[in-house]
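Comments concern the structure below.
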Amino acid sequence: MKSLAVIVFAMFFFIGAHAQEDTLPPLKVKDVNGKSFTLNDFKGKVTFIRMWKSYEPSVADLAFVEWLEKQYGSKIGYIYLCSESFTDAWKKTFARFPDLKGIQLVTDGDEKKWEAFLEHYSQIAIVGKEGDIYYQNDYQFEAGLEELLK
């Protein structure tokens, strides 16, 4: 009986830890104008987050998100997140895609938590309406989006 209790406790502990890990953290961000937010401010809509950790987006990166915005329109939100400051190269590359509707954000403080988040979720995260991260595979993200939009 004692071993059964230990197993049940372990199951709940690991299920709870996994659920917490798959929820959008309340990390601070700011937009290109310096306005501050937390990621949780974007709850309420299925959101696609594209992250760049240590380099500026390439033209190919932005051509991809431009295609994505055309494909899904206003059905989902779009966040383009940089872990460094908005460099001149970042601004210049984004200026080549003036029709992008997504919000450009940069990490704002708490660098260790941001580093852990960006390491865990690679380059893409798809976030549900309640802030749950459902999908983060760079190659098959569309199946996750379609599932959330049903």
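Chain labels follow the order of the structure tokens: the first chain is A, the next B, and so on; residue numbering restarts at 1 in every chain, and ligands are counted from 1 in their shown order.
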
Members of segment 42-125 of chain A assigned strand (DSSP E or B) by DSSP, as a PyMOL selection string: chain A and resi 47-52+77-82+103-107+124-125

Those in chain A with helix (DSSP H, G or I) from DSSP, as a PyMOL selection string: chain A and resi 2-21+39-42+59-75+88-95+111-121+141-149

Shell around Ser85 of chain A at 9 Å using only C-alpha atoms, local window under 3 positions removed, as a PyMOL selection string: chain A and resi 82+90+106-107

Separation of atom CA of Ile133 of chain A from atom CA of Leu148 of chain A in Å: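 For atom CA of Leu148 of chain A relative to atom CA of Ile133 of chain A, the distance reads 10.7 Å.
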
Spatial neighbours of Lys150 of chain A, 12 Å, only C-alpha atoms, chain gap at least 6 places, as a list in words: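 What passes the distance filter is Val46, Lys75, Gly128, Ala143 and Gly144 of chain A.
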
Write to file, as a compact mmCIF listing (two decimals), in the first residue's frame, the residues of the selection just made, with N, CA, C and O atoms.
```txt
# COMPACT_ATOMS: atom_id res chain seq x y z
N VAL A 46 -5.07 32.29 -29.78
CA VAL A 46 -4.00 31.39 -30.20
C VAL A 46 -2.90 32.27 -30.79
O VAL A 46 -3.16 33.15 -31.60
N LYS A 75 -6.83 34.98 -37.51
CA LYS A 75 -7.25 33.84 -36.67
C LYS A 75 -6.33 33.65 -35.48
O LYS A 75 -6.74 33.11 -34.45
N GLY A 128 -1.85 28.51 -26.69
CA GLY A 128 -3.30 28.48 -26.69
C GLY A 128 -3.88 29.71 -26.02
O GLY A 128 -3.17 30.54 -25.44
N ALA A 143 0.37 21.56 -37.91
CA ALA A 143 -0.60 20.60 -37.36
C ALA A 143 -1.07 21.06 -35.98
O ALA A 143 -2.25 20.94 -35.65
N GLY A 144 -0.16 21.61 -35.18
CA GLY A 144 -0.53 22.14 -33.87
C GLY A 144 -1.46 23.33 -33.98
O GLY A 144 -2.43 23.44 -33.24
```

Proximity to Lys45 of chain A - best of A:Asp88, A:Ile126, A:Leu100, A:Thr23, only C-alpha atoms: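 Closest candidate: A:Ile126.
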
Separation of atom CA of Lys43 of chain A from atom CA of Gly131 of chain A in Å: 5.5 Å

Polymer residues at most 8 Å from Asn40 of chain A, only C-alpha atoms, same-chain spacing of 6 or more positions, as an MDAnalysis selection string: chainID A and resid 24:27 131

Take the selection from the previous step and output its residues with C-alpha atoms, as a PDB file, in the first residue's frame.
```pdb
ATOM      1  CA  LEU A  24       3.636  30.630 -20.949  1.00  0.00           C
ATOM      2  CA  PRO A  25       5.671  32.253 -18.167  1.00  0.00           C
ATOM      3  CA  PRO A  26       4.966  35.851 -17.077  1.00  0.00           C
ATOM      4  CA  LEU A  27       8.285  37.041 -18.455  1.00  0.00           C
ATOM      5  CA  GLY A 131      -1.402  30.588 -22.188  1.00  0.00           C
TER       6      GLY A 131
END
```

Distance criterion (only C-alpha atoms): nearest to Lys91 of chain A out of A:Ala63, A:Leu105, A:Leu118, A:Val29: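 Ranking A:Ala63, A:Leu105, A:Leu118, A:Val29 by distance to Lys91 of chain A, first place goes to A:Leu105.
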
Nearest candidate to Met51 of chain A (options A:Trp67, A:Tyr78, A:Phe37, A:Phe97; using only C-alpha atoms):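 Answer, going by the shortest atom-to-atom distance: A:Tyr78.
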
Separation of atom CA of Leu145 of chain A from atom CA of Asp31 of chain A in Å: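 Between atom CA of Asp31 of chain A and atom CA of Leu145 of chain A the gap works out to 24.5 Å.
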